[in-house]
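**Student:** This is the content of entry.tsv (TSV, C-alpha atoms and all ligand atoms):
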```tsv
chain	number	residue	atom	x	y	z
A	10	MET	CA	141.89	107.08	134.45
A	11	VAL	CA	142.92	108.73	131.22
A	12	ARG	CA	145.87	106.36	131.04
A	13	ALA	CA	143.70	103.35	131.77
A	14	ARG	CA	141.31	104.43	129.06
A	15	LEU	CA	144.20	104.94	126.69
A	16	SER	CA	145.49	101.43	127.43
A	17	LEU	CA	142.11	99.94	126.84
A	18	PHE	CA	141.80	101.94	123.68
A	19	CYS	CA	145.20	100.79	122.47
A	20	ALA	CA	144.42	97.19	123.37
A	21	VAL	CA	141.36	97.31	121.21
A	22	VAL	CA	143.03	99.13	118.40
A	23	LEU	CA	146.17	97.03	118.50
A	24	LEU	CA	144.05	94.14	117.36
A	25	ALA	CA	143.39	96.20	114.30
A	26	ALA	CA	147.15	96.91	114.09
A	27	SER	CA	146.62	100.62	113.98
A	28	CYS	CA	147.79	101.87	117.36
A	29	ASP	CA	151.38	103.04	117.15
A	30	HIS	CA	152.42	102.71	120.77
A	31	LYS	CA	155.32	101.21	122.71
A	32	SER	CA	153.13	98.26	123.70
A	33	ALA	CA	152.98	97.23	120.07
A	34	ALA	CA	156.30	95.51	120.77
A	35	VAL	CA	154.50	92.88	122.75
A	36	THR	CA	151.38	92.05	120.79
A	37	SER	CA	150.54	88.47	121.52
A	38	PRO	CA	149.49	85.61	119.25
A	39	THR	CA	146.56	84.92	121.57
A	40	PRO	CA	144.48	88.11	121.73
A	41	SER	CA	145.39	89.71	125.06
A	42	PRO	CA	142.37	91.14	126.81
A	43	PRO	CA	143.13	93.89	129.29
A	44	SER	CA	144.27	92.38	132.57
A	45	THR	CA	141.08	93.67	134.20
A	46	ASP	CA	139.19	91.07	132.17
A	47	VAL	CA	141.30	88.05	133.05
A	48	ASP	CA	140.78	85.84	136.06
A	49	PRO	CA	142.94	86.63	139.08
A	50	LEU	CA	146.09	84.55	139.04
A	51	LYS	CA	146.03	84.39	142.84
A	52	ASP	CA	142.69	82.52	142.76
A	53	ALA	CA	144.14	79.86	140.48
A	54	ALA	CA	147.29	79.69	142.63
A	55	ALA	CA	145.18	79.36	145.78
A	56	MET	CA	143.21	76.50	144.23
A	57	SER	CA	146.52	74.71	143.80
A	58	GLY	CA	147.55	75.60	147.37
A	59	ARG	CA	150.33	77.98	146.31
A	60	LEU	CA	151.06	81.63	146.93
A	61	VAL	CA	151.82	83.72	143.88
A	62	GLY	CA	154.14	86.63	144.38
A	63	ALA	CA	155.89	89.52	142.75
A	64	ALA	CA	158.91	91.63	143.57
A	65	VAL	CA	157.90	95.26	144.04
A	66	GLN	CA	159.48	98.64	144.58
A	67	SER	CA	157.74	101.16	146.83
A	68	ALA	CA	157.80	103.82	144.09
A	69	PHE	CA	155.58	101.66	141.87
A	70	LEU	CA	152.83	101.54	144.49
A	71	GLY	CA	151.80	105.06	143.51
A	72	ASP	CA	151.04	104.07	139.91
A	73	PRO	CA	147.40	102.99	139.54
A	74	ARG	CA	148.10	100.95	136.42
A	75	TYR	CA	150.69	99.00	138.36
A	76	THR	CA	148.64	98.55	141.53
A	77	HIS	CA	145.54	97.54	139.60
A	78	VAL	CA	147.34	94.51	138.19
A	79	PHE	CA	149.41	93.86	141.29
A	80	ASP	CA	146.39	93.88	143.62
A	81	ARG	CA	144.27	91.72	141.34
A	82	HIS	CA	146.75	88.97	140.61
A	83	PHE	CA	149.23	88.60	143.48
A	84	ASN	CA	148.99	87.65	147.15
A	85	TYR	CA	152.67	87.44	148.12
A	86	VAL	CA	155.12	90.34	148.06
A	87	THR	CA	158.89	90.53	148.01
A	88	ALA	CA	160.64	93.89	148.28
A	89	GLU	CA	162.87	93.96	145.20
A	90	TYR	CA	165.61	95.79	147.13
A	91	GLU	CA	164.19	97.96	149.89
A	92	MET	CA	164.57	95.52	152.80
A	93	LYS	CA	168.21	94.81	151.93
A	94	TRP	CA	171.09	95.99	154.08
A	95	ALA	CA	172.37	98.48	151.48
A	96	THR	CA	169.01	100.29	151.80
A	97	THR	CA	168.27	99.92	155.50
A	98	GLY	CA	171.84	100.53	156.61
A	99	ARG	CA	173.11	103.35	154.42
A	100	SER	CA	174.50	105.03	157.51
A	101	PRO	CA	176.28	102.99	160.21
A	102	ASP	CA	174.35	104.79	162.96
A	103	VAL	CA	170.78	104.94	161.66
A	104	GLU	CA	168.59	102.15	160.33
A	105	ASP	CA	165.99	103.16	157.78
A	106	PHE	CA	163.06	100.81	157.31
A	107	GLY	CA	160.85	103.46	155.69
A	108	ALA	CA	160.67	102.07	152.17
A	109	GLY	CA	160.39	98.47	153.34
A	110	ASP	CA	157.65	99.51	155.74
A	111	ALA	CA	155.75	101.18	152.92
A	112	ILE	CA	155.76	97.90	151.00
A	113	ALA	CA	154.86	95.86	154.08
A	114	GLY	CA	152.04	98.25	155.01
A	115	TYR	CA	150.65	98.13	151.47
A	116	ALA	CA	150.72	94.34	151.47
A	117	GLU	CA	149.10	94.07	154.90
A	118	SER	CA	146.32	96.47	154.01
A	119	ARG	CA	145.39	94.12	151.16
A	120	GLY	CA	145.82	90.83	152.99
A	121	MET	CA	148.93	89.87	151.03
A	122	ARG	CA	151.70	87.82	152.64
A	123	ILE	CA	155.23	89.21	152.79
A	124	LYS	CA	158.56	87.57	152.02
A	125	GLY	CA	161.50	89.33	153.67
A	126	HIS	CA	164.43	89.63	151.24
A	127	ALA	CA	167.34	89.33	151.91
A	128	LEU	CA	169.20	89.52	155.21
A	129	ILE	CA	172.70	88.51	154.12
A	130	TRP	CA	173.75	89.04	150.50
A	131	HIS	CA	177.18	90.08	149.29
A	132	GLY	CA	175.42	92.00	146.48
A	133	SER	CA	173.75	94.47	148.84
A	134	VAL	CA	176.14	95.51	151.57
A	135	PRO	CA	176.44	99.16	152.66
A	136	SER	CA	179.82	100.56	151.60
A	137	TRP	CA	180.91	101.31	155.19
A	138	VAL	CA	180.68	97.60	156.00
A	139	ASN	CA	183.52	96.70	153.65
A	140	ALA	CA	185.98	98.75	155.70
A	141	LEU	CA	185.23	96.97	159.00
A	142	SER	CA	187.67	94.70	160.81
A	143	ALA	CA	186.62	91.10	161.39
A	144	SER	CA	185.34	91.78	164.90
A	145	GLU	CA	183.54	94.94	163.82
A	146	LEU	CA	181.95	93.06	160.94
A	147	ARG	CA	180.79	90.32	163.27
A	148	SER	CA	179.06	92.85	165.44
A	149	ALA	CA	177.52	94.75	162.49
A	150	PHE	CA	176.38	91.46	160.92
A	151	GLU	CA	174.71	90.35	164.14
A	152	ASN	CA	173.08	93.73	164.75
A	153	HIS	CA	171.78	93.93	161.20
A	154	ILE	CA	170.17	90.49	161.28
A	155	ARG	CA	168.76	90.93	164.79
A	156	SER	CA	167.29	94.37	164.24
A	157	THR	CA	165.93	93.75	160.74
A	158	ALA	CA	164.32	90.42	161.60
A	159	ALA	CA	162.98	91.88	164.87
A	160	HIS	CA	161.62	94.94	163.04
A	161	TYR	CA	159.51	92.74	160.76
A	162	ARG	CA	158.74	90.08	163.41
A	163	GLY	CA	155.17	88.88	163.12
A	164	ARG	CA	154.78	90.58	159.76
A	165	VAL	CA	156.73	88.42	157.32
A	166	LEU	CA	155.82	84.86	156.47
A	167	ALA	CA	159.39	84.06	155.50
A	168	TRP	CA	162.88	85.49	155.15
A	169	ASP	CA	165.54	84.87	152.59
A	170	VAL	CA	168.24	84.69	155.25
A	171	VAL	CA	171.29	84.01	153.12
A	172	ASN	CA	171.33	84.80	149.42
A	173	GLU	CA	173.71	83.48	146.75
A	174	ALA	CA	176.44	82.14	149.03
A	175	VAL	CA	177.53	79.37	146.64
A	176	ALA	CA	180.09	79.99	143.88
A	177	ASP	CA	178.73	79.99	140.33
A	178	ASP	CA	180.82	76.97	139.27
A	179	GLY	CA	179.62	74.99	142.28
A	180	SER	CA	183.18	74.55	143.51
A	181	GLY	CA	182.35	75.72	147.02
A	182	LEU	CA	181.24	78.81	148.87
A	183	ARG	CA	181.46	82.18	147.17
A	184	ASP	CA	184.37	84.31	148.31
A	185	THR	CA	182.52	87.20	149.98
A	186	VAL	CA	183.38	89.71	152.68
A	187	PHE	CA	181.36	87.55	155.08
A	188	ARG	CA	183.29	84.38	154.31
A	189	GLN	CA	186.65	86.14	154.38
A	190	LYS	CA	186.14	87.81	157.74
A	191	LEU	CA	183.64	85.59	159.56
A	192	GLY	CA	184.49	82.15	158.17
A	193	ASP	CA	182.17	79.61	156.55
A	194	GLN	CA	180.04	79.43	159.69
A	195	TYR	CA	178.58	82.86	158.91
A	196	ILE	CA	175.79	81.03	157.09
A	197	ALA	CA	174.71	78.88	160.03
A	198	ASN	CA	175.07	81.90	162.34
A	199	ALA	CA	172.81	84.02	160.13
A	200	PHE	CA	170.05	81.41	160.34
A	201	ARG	CA	170.41	81.09	164.12
A	202	LEU	CA	170.28	84.85	164.61
A	203	ALA	CA	167.24	85.17	162.36
A	204	ARG	CA	165.38	82.42	164.22
A	205	GLU	CA	166.11	84.08	167.58
A	206	ALA	CA	164.88	87.45	166.31
A	207	ASP	CA	161.74	86.11	164.62
A	208	PRO	CA	160.85	82.61	165.76
A	209	GLN	CA	157.74	82.39	163.54
A	210	ALA	CA	159.26	83.28	160.16
A	211	LEU	CA	160.16	80.51	157.75
A	212	LEU	CA	163.87	80.77	156.99
A	213	PHE	CA	165.13	80.21	153.44
A	214	TYR	CA	168.44	79.87	151.65
A	215	ASN	CA	168.01	81.51	148.21
A	216	ASP	CA	170.16	81.18	145.08
A	217	TYR	CA	170.24	81.16	141.28
A	218	GLY	CA	171.74	78.72	138.78
A	219	GLY	CA	170.86	75.79	141.02
A	220	GLU	CA	167.37	75.17	139.74
A	221	GLY	CA	167.96	71.94	137.89
A	222	LEU	CA	170.62	69.32	138.48
A	223	THR	CA	173.90	71.17	138.08
A	224	ALA	CA	177.25	71.36	139.86
A	225	LYS	CA	175.91	74.43	141.63
A	226	SER	CA	172.68	72.78	142.74
A	227	ASP	CA	174.73	69.83	144.05
A	228	ARG	CA	176.75	72.25	146.16
A	229	ILE	CA	173.62	74.05	147.38
A	230	TYR	CA	172.18	70.67	148.28
A	231	ASP	CA	175.33	69.75	150.23
A	232	LEU	CA	175.24	73.10	152.03
A	233	VAL	CA	171.64	72.85	153.19
A	234	ARG	CA	171.94	69.12	153.97
A	235	ASP	CA	174.84	69.95	156.31
A	236	LEU	CA	172.87	72.81	157.89
A	237	VAL	CA	169.94	70.48	158.52
A	238	ALA	CA	172.29	67.82	159.93
A	239	GLN	CA	173.79	70.37	162.33
A	240	GLY	CA	170.36	71.40	163.57
A	241	VAL	CA	170.60	74.88	162.04
A	242	PRO	CA	167.12	76.42	161.79
A	243	ILE	CA	166.52	76.37	158.03
A	244	ASP	CA	163.06	75.74	156.59
A	245	GLY	CA	163.56	75.88	152.86
A	246	VAL	CA	165.39	76.72	149.68
A	247	GLY	CA	164.41	79.35	147.13
A	248	LEU	CA	165.17	78.57	143.50
A	249	GLN	CA	165.39	81.99	141.87
A	250	MET	CA	164.61	80.87	138.29
A	251	HIS	CA	166.04	83.73	136.24
A	252	VAL	CA	166.08	81.74	133.02
A	253	SER	CA	166.28	82.14	129.26
A	254	ALA	CA	163.54	80.63	127.10
A	255	ALA	CA	166.31	79.72	124.65
A	256	ASN	CA	167.93	77.42	127.16
A	257	PRO	CA	165.79	76.75	130.22
A	258	PRO	CA	166.76	74.16	132.82
A	259	PRO	CA	165.03	70.84	131.97
A	260	ASP	CA	161.80	70.30	133.92
A	261	ALA	CA	162.89	66.83	135.02
A	262	GLY	CA	166.04	68.24	136.61
A	263	ILE	CA	164.10	70.94	138.45
A	264	ALA	CA	161.65	68.31	139.69
A	265	ALA	CA	164.44	66.02	140.86
A	266	ASN	CA	166.24	68.88	142.56
A	267	MET	CA	163.09	70.02	144.36
A	268	ARG	CA	162.41	66.45	145.47
A	269	ARG	CA	165.85	65.84	146.91
A	270	LEU	CA	165.59	69.12	148.86
A	271	ALA	CA	162.11	68.11	150.04
A	272	ASP	CA	163.53	64.77	151.14
A	273	LEU	CA	165.73	66.70	153.58
A	274	GLY	CA	162.52	67.94	155.18
A	275	LEU	CA	162.78	71.35	153.50
A	276	ARG	CA	160.23	73.46	151.69
A	277	VAL	CA	161.08	74.84	148.27
A	278	ASN	CA	159.77	77.78	146.30
A	279	ILE	CA	160.37	79.55	143.03
A	280	SER	CA	161.53	82.88	144.34
A	281	GLU	CA	162.50	85.29	141.52
A	282	MET	CA	161.20	83.93	138.23
A	283	ASP	CA	161.60	85.71	134.92
A	284	VAL	CA	162.04	84.24	131.44
A	285	ARG	CA	164.17	86.09	128.90
A	286	VAL	CA	163.24	85.77	125.23
A	287	ARG	CA	165.83	87.84	123.38
A	288	ASP	CA	167.88	84.77	122.42
A	289	VAL	CA	164.91	82.82	121.09
A	290	PRO	CA	164.90	82.85	117.27
A	291	GLY	CA	161.87	83.96	115.26
A	292	THR	CA	159.29	86.68	115.42
A	293	LEU	CA	158.25	88.31	118.68
A	294	GLN	CA	155.02	86.33	118.60
A	295	ALA	CA	156.98	83.10	118.27
A	296	ARG	CA	159.28	84.12	121.13
A	297	LEU	CA	156.34	84.95	123.37
A	298	ASP	CA	154.77	81.57	122.58
A	299	VAL	CA	157.98	79.80	123.60
A	300	GLN	CA	158.04	81.92	126.74
A	301	ARG	CA	154.49	80.86	127.56
A	302	SER	CA	155.45	77.24	127.29
A	303	VAL	CA	158.54	77.67	129.50
A	304	TYR	CA	156.54	79.50	132.17
A	305	ARG	CA	153.84	76.84	132.07
A	306	SER	CA	156.12	73.86	132.34
A	307	ILE	CA	158.36	75.25	135.09
A	308	VAL	CA	155.47	76.48	137.25
A	309	ALA	CA	153.83	73.07	136.66
A	310	VAL	CA	156.88	71.45	138.25
A	311	CYS	CA	156.22	73.48	141.42
A	312	VAL	CA	152.52	72.63	141.33
A	313	ALA	CA	153.39	68.93	141.09
A	314	GLU	CA	155.82	69.07	144.04
A	315	PRO	CA	153.94	68.97	147.35
A	316	ARG	CA	156.69	70.88	149.17
A	317	CYS	CA	156.82	73.75	146.64
A	318	ASP	CA	154.60	76.35	148.23
A	319	ALA	CA	155.05	79.59	146.32
A	320	VAL	CA	155.98	81.05	142.96
A	321	THR	CA	157.26	84.62	142.91
A	322	PHE	CA	157.98	86.58	139.72
A	323	TRP	CA	160.75	89.17	139.71
A	324	GLY	CA	158.48	92.03	138.78
A	325	VAL	CA	154.94	92.56	137.54
A	326	SER	CA	155.19	93.89	134.01
A	327	ASP	CA	157.70	94.41	131.23
A	328	ALA	CA	157.55	98.11	132.08
A	329	HIS	CA	160.09	97.46	134.86
A	330	SER	CA	162.66	94.69	135.05
A	331	TRP	CA	166.23	94.35	136.31
A	332	ILE	CA	166.85	92.24	133.18
A	333	TYR	CA	167.25	95.31	130.97
A	334	THR	CA	170.27	96.58	132.90
A	335	GLN	CA	171.91	93.18	132.96
A	336	TYR	CA	171.01	91.70	129.55
A	337	GLY	CA	169.46	94.48	127.43
A	338	PRO	CA	165.94	94.88	125.98
A	339	ASP	CA	163.64	91.93	126.58
A	340	ASN	CA	160.08	90.96	127.56
A	341	PRO	CA	160.66	88.79	130.62
A	342	LEU	CA	157.47	89.01	132.73
A	343	LEU	CA	153.77	88.09	132.70
A	344	PHE	CA	152.32	91.48	131.74
A	345	ASP	CA	153.46	93.73	128.94
A	346	GLU	CA	154.53	97.36	129.22
A	347	GLN	CA	150.88	98.40	129.07
A	348	TYR	CA	150.00	95.98	131.87
A	349	LEU	CA	148.12	93.64	129.53
A	350	ALA	CA	148.33	89.92	130.19
A	351	LYS	CA	150.85	88.22	127.89
A	352	PRO	CA	150.82	84.61	126.66
A	353	ALA	CA	153.17	83.95	129.60
A	354	PHE	CA	150.36	84.88	131.98
A	355	TYR	CA	148.09	82.25	130.44
A	356	GLY	CA	150.88	79.69	130.64
A	357	VAL	CA	151.21	80.27	134.38
A	358	MET	CA	147.43	80.21	134.77
A	359	ASP	CA	147.33	76.84	132.99
A	360	ALA	CA	150.02	75.48	135.30
A	361	PHE	CA	148.13	76.52	138.45
A	362	ARG	CA	145.00	74.96	136.97
A	363	ARG	CA	146.97	71.82	136.13
A	364	ARG	CA	146.23	72.10	132.44
B	1	LIG	O1	166.15	93.32	140.88
B	1	LIG	C1	166.94	93.84	141.93
B	1	LIG	C2	167.48	95.19	141.53
B	1	LIG	O2	166.41	96.11	141.37
B	1	LIG	C3	168.43	95.69	142.60
B	1	LIG	O3	169.05	96.89	142.16
B	1	LIG	C4	169.51	94.65	142.86
B	1	LIG	C5	170.42	95.08	144.01
B	1	LIG	O4	169.70	95.22	145.19
B	1	LIG	O5	168.92	93.40	143.21
B	1	LIG	C6	168.07	92.89	142.22
B	1	LIG	O6	167.49	91.68	142.67
B	1	LIG	C7	168.36	90.57	142.80
B	1	LIG	C8	167.90	89.75	143.99
B	1	LIG	O7	167.83	90.56	145.15
B	1	LIG	C9	168.79	88.56	144.23
B	1	LIG	N1	168.87	87.74	143.03
B	1	LIG	C10	169.23	88.46	141.81
B	1	LIG	C11	168.30	89.64	141.59
B	1	LIG	C12	168.65	90.35	140.29
B	1	LIG	O8	169.91	90.91	140.37
```
Let me see whether you can do it: turn the structure in this file into structure tokens.
Ligand code: 9MR
**Tutor:**
Amino acid sequence: MVRARLSLFCAVVLLAASCDHKSAAVTSPTPSPPSTDVDPLKDAAAMSGRLVGAAVQSAFLGDPRYTHVFDRHFNYVTAEYEMKWATTGRSPDVEDFGAGDAIAGYAESRGMRIKGHALIWHGSVPSWVNALSASELRSAFENHIRSTAAHYRGRVLAWDVVNEAVADDGSGLRDTVFRQKLGDQYIANAFRLAREADPQALLFYNDYGGEGLTAKSDRIYDLVRDLVAQGVPIDGVGLQMHVSAANPPPDAGIAANMRRLADLGLRVNISEMDVRVRDVPGTLQARLDVQRSVYRSIVAVCVAEPRCDAVTFWGVSDAHSWIYTQYGPDNPLLFDEQYLAKPAFYGVMDAFRRR
């Protein structure tokens, strides 16, 4: 309460440029009212028929500033890392769904939908898995998918079944422990196992760098087209959308890419969006204005594509983002470090309202 009051106080005083606080780094050109005063993003998203999501960590769910904004604006939840194999399978003998369950329980108690993320990803494999022989890996791979998808059966709307399996240059499949020891068919097998374990969940392939028309998106397209042709149970493709406002993928390319995937009978979604601004020239206000425009136009592409059914942001506020570890200081999300709505928030709101 004291913190909330302090934020409100700072928000008011920041307008008078006299509150020396960390959030001063993200003062916006449009006066930012406290997020409590802005319309819920999820209502605007629902009017457009889309879910609006955020990646969360269970530890944040104890922070009232965080949950206040999260509860008000989002209706779709992705666990940022706590449903991944490296978390659930730290020990080869015991599965631990505790943190993922905390997120799922929180979401369910508030009527939010849940996106399972991610069953098979080379970036989140328990260390013991790397030492397995091919036959041991096959068995561990199958057990992991079966038990994780069965654990959340009936609770998740969708799963990211295979994540980032295509090489960055689009030359082919990424050379991962799964490909090396299980062969290229590990991807189709993962989808089949997931469907058996949870027949109701929508099953997605999820990747980055293939948002617009690029060599990588061509390869992702080929991959999912072949899966569909083989009768593999895949329902959609997630376009992660970790982009820089200095060089975003052109809207027309994203639209064309979504449409060709939709023409395969697949759904699409924007699954991990954030927009970096550190490489945009000019003042912070100018950078945040460019960011607003990038958020608006990319989300508008989803809103214009009938098969694009959700937009998920990779975090709630600039107080927490994976971007800082990877790229350094930035302001990539919709709410600032004090949980106040940024220009980016209004850009997304405009897109959902088709403005
Ligand atoms: O943001 C996530 C970070 O907190 C985790 O430490 C990391 C490893 O589990 O994964 C990050 O999320 C990644 C996502 O799962 C897949 N696409 C790229 C995301 C950023 O690295």
**Student:** Grab the atom CA of A:Ser100 to atom CA of A:Asp184 distance for me, in Å with one decimal place.
**Tutor:**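 Atom CA of A:Ser100 sits 24.7 Å away from atom CA of A:Asp184.
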**Student:** Between A:Leu293, A:Ala261, A:Ile332, A:Val357, which has the minimum distance to ligand LIG 1 (chain B) (counting only C-alpha atoms and all ligand atoms)?
**Tutor:**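 Among A:Leu293, A:Ala261, A:Ile332, A:Val357, it is A:Ile332 that comes nearest to ligand LIG 1 (chain B).
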**Student:** Would you list the contacts of A:Asn84 as a list in words, taking every protein, DNA or RNA residue within 8 Å and counting all atoms listed in the file, but skipping same-chain residues closer than 4 positions in sequence?
**Tutor:**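 Here the qualifying residues turn out to be Lys51, Leu60, Val61, Gly62, Asp80, Gly120, Met121 and Arg122 of chain A.
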**Student:** Hey, could you make a per-residue contact list for stretch 75-114 of chain A against stretch 140-159 of chain A with 12 Å as the cut-off, showing the nearest pair of atoms and its distance in Å to one decimal, counting all atoms listed in the file, sorted by chain and number, as a Markdown table?
**Tutor:**
```
| residue | atom | partner | partner_atom | distance |
| --- | --- | --- | --- | --- |
| A:Glu91 | CA | A:Thr157 | CA | 11.8 |
| A:Met92 | CA | A:Thr157 | CA | 8.2 |
| A:Lys93 | CA | A:Thr157 | CA | 9.2 |
| A:Trp94 | CA | A:His153 | CA | 7.4 |
| A:Ala95 | CA | A:His153 | CA | 10.7 |
| A:Thr96 | CA | A:Thr157 | CA | 11.5 |
| A:Thr97 | CA | A:Thr157 | CA | 8.4 |
| A:Gly98 | CA | A:His153 | CA | 8.0 |
| A:Arg99 | CA | A:His153 | CA | 11.7 |
| A:Ser100 | CA | A:Ala149 | CA | 11.8 |
| A:Pro101 | CA | A:Ala149 | CA | 8.6 |
| A:Asp102 | CA | A:Ala149 | CA | 10.5 |
| A:Val103 | CA | A:His153 | CA | 11.1 |
| A:Glu104 | CA | A:Ser156 | CA | 8.8 |
| A:Asp105 | CA | A:Thr157 | CA | 9.9 |
| A:Phe106 | CA | A:Thr157 | CA | 8.4 |
| A:Gly109 | CA | A:Thr157 | CA | 10.4 |
| A:Asp110 | CA | A:Thr157 | CA | 11.3 |
```
**Student:** Which residues are near A:Asp244? Cut-off 12 Å, all atoms listed in the file, ignore same chain within fewer than 4 positions. Put them as a PyMOL selection string.
**Tutor:** chain A and resi 166-170+200-201+203-204+208-215+233-234+236-237+240+270-271+273-278+316-318
**Student:** Name the residues in contact with A:Ser306 at a cut-off of 9 Å, using all atoms listed in the file, excluding same-chain residues fewer than 2 positions from it; report them as a short mmCIF file (atom, residue, chain, number, x, y, z; two decimals) with C-alpha atoms, keeping the file's coordinate frame.
**Tutor:**
```cif
data_model
loop_
_atom_site.label_atom_id
_atom_site.label_comp_id
_atom_site.auth_asym_id
_atom_site.auth_seq_id
_atom_site.Cartn_x
_atom_site.Cartn_y
_atom_site.Cartn_z
CA ASP A 260 161.80 70.30 133.92
CA ARG A 301 154.49 80.86 127.56
CA SER A 302 155.45 77.24 127.29
CA VAL A 303 158.54 77.67 129.50
CA TYR A 304 156.54 79.50 132.17
CA VAL A 308 155.47 76.48 137.25
CA ALA A 309 153.83 73.07 136.66
CA VAL A 310 156.88 71.45 138.25
CA GLY A 356 150.88 79.69 130.64
CA VAL A 357 151.21 80.27 134.38
CA ALA A 360 150.02 75.48 135.30
#
```
**Student:** In Å, rounded to a single decimal, give me how far atom CA of A:Thr334 is from atom C4 of ligand LIG 1 (chain B).
**Tutor:**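 So the answer is 10.2 Å.
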**Student:** Residues contacting ligand LIG 1 (chain B) - anything with an atom at most 9 Å away, using all atoms listed in the file - can you give me those as an mmCIF file with C-alpha atoms, in the coordinates of the input?
**Tutor:**
```cif
data_model
loop_
_atom_site.group_PDB
_atom_site.id
_atom_site.type_symbol
_atom_site.label_atom_id
_atom_site.label_comp_id
_atom_site.auth_asym_id
_atom_site.auth_seq_id
_atom_site.Cartn_x
_atom_site.Cartn_y
_atom_site.Cartn_z
ATOM 1 C CA ALA A 64 158.910 91.630 143.570
ATOM 2 C CA VAL A 65 157.900 95.260 144.040
ATOM 3 C CA GLN A 66 159.480 98.640 144.580
ATOM 4 C CA ALA A 88 160.640 93.890 148.280
ATOM 5 C CA GLU A 89 162.870 93.960 145.200
ATOM 6 C CA TYR A 90 165.610 95.790 147.130
ATOM 7 C CA GLU A 91 164.190 97.960 149.890
ATOM 8 C CA LYS A 93 168.210 94.810 151.930
ATOM 9 C CA ALA A 95 172.370 98.480 151.480
ATOM 10 C CA THR A 96 169.010 100.290 151.800
ATOM 11 C CA HIS A 126 164.430 89.630 151.240
ATOM 12 C CA ALA A 127 167.340 89.330 151.910
ATOM 13 C CA TRP A 130 173.750 89.040 150.500
ATOM 14 C CA GLY A 132 175.420 92.000 146.480
ATOM 15 C CA SER A 133 173.750 94.470 148.840
ATOM 16 C CA ASN A 172 171.330 84.800 149.420
ATOM 17 C CA GLU A 173 173.710 83.480 146.750
ATOM 18 C CA ASN A 215 168.010 81.510 148.210
ATOM 19 C CA ASP A 216 170.160 81.180 145.080
ATOM 20 C CA TYR A 217 170.240 81.160 141.280
ATOM 21 C CA GLN A 249 165.390 81.990 141.870
ATOM 22 C CA HIS A 251 166.040 83.730 136.240
ATOM 23 C CA SER A 280 161.530 82.880 144.340
ATOM 24 C CA GLU A 281 162.500 85.290 141.520
ATOM 25 C CA TRP A 323 160.750 89.170 139.710
ATOM 26 C CA GLY A 324 158.480 92.030 138.780
ATOM 27 C CA SER A 330 162.660 94.690 135.050
ATOM 28 C CA TRP A 331 166.230 94.350 136.310
ATOM 29 C CA ILE A 332 166.850 92.240 133.180
ATOM 30 C CA GLN A 335 171.910 93.180 132.960
#
```
**Student:** Enclose stretch 49-55 of chain A, meaning all of its atoms listed in the file, in a box aligned along x, y and z, pad it by 4 Å on each side, and list the centre and edge lengths in Å to one decimal, as JSON.
**Tutor:**
```
{"center_x": 145.0, "center_y": 83.0, "center_z": 142.4, "size_x": 12.6, "size_y": 15.3, "size_z": 14.7}
```
**Student:** Which polymer residues have any atom within 12 Å of an atom of A:Leu70, counting only C-alpha atoms, with same-chain residues fewer than 6 positions away left out, as a list in words?
**Tutor:**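 Here the answer would be Ala64, Thr76, His77, Val78, Phe79, Asp80, Val86, Ala88, Ala108, Ala111, Ile112, Ala113, Gly114, Tyr115, Ala116 and Val325 of chain A.
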**Student:** In Å, with one decimal, what is the gap from atom CA of A:Ala54 to atom CA of A:Ala319?
**Tutor:**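 Computed distance, atom CA of A:Ala54 to atom CA of A:Ala319, equals 8.6 Å.
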**Student:** May I have the residues within 10 Å of A:Pro258 as a list in words, using all atoms listed in the file and disregarding those fewer than 3 positions away in the same chain?
**Tutor:**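 So, after excluding close chain neighbours, the residues are Gly218, Gly219, Glu220, Gly221, Leu222, Thr223, Met250, Val252, Ser253, Ala254, Ala255, Ala261, Gly262, Ile263, Val303 and Ile307 of chain A.
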**Student:** I'd like to know which of A:Glu346, A:Asp235, A:Asp339, A:Asp193 is closest to A:Leu297, using all atoms listed in the file.
**Tutor:**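 Ranking A:Glu346, A:Asp235, A:Asp339, A:Asp193 by distance to A:Leu297, first place goes to A:Asp339.
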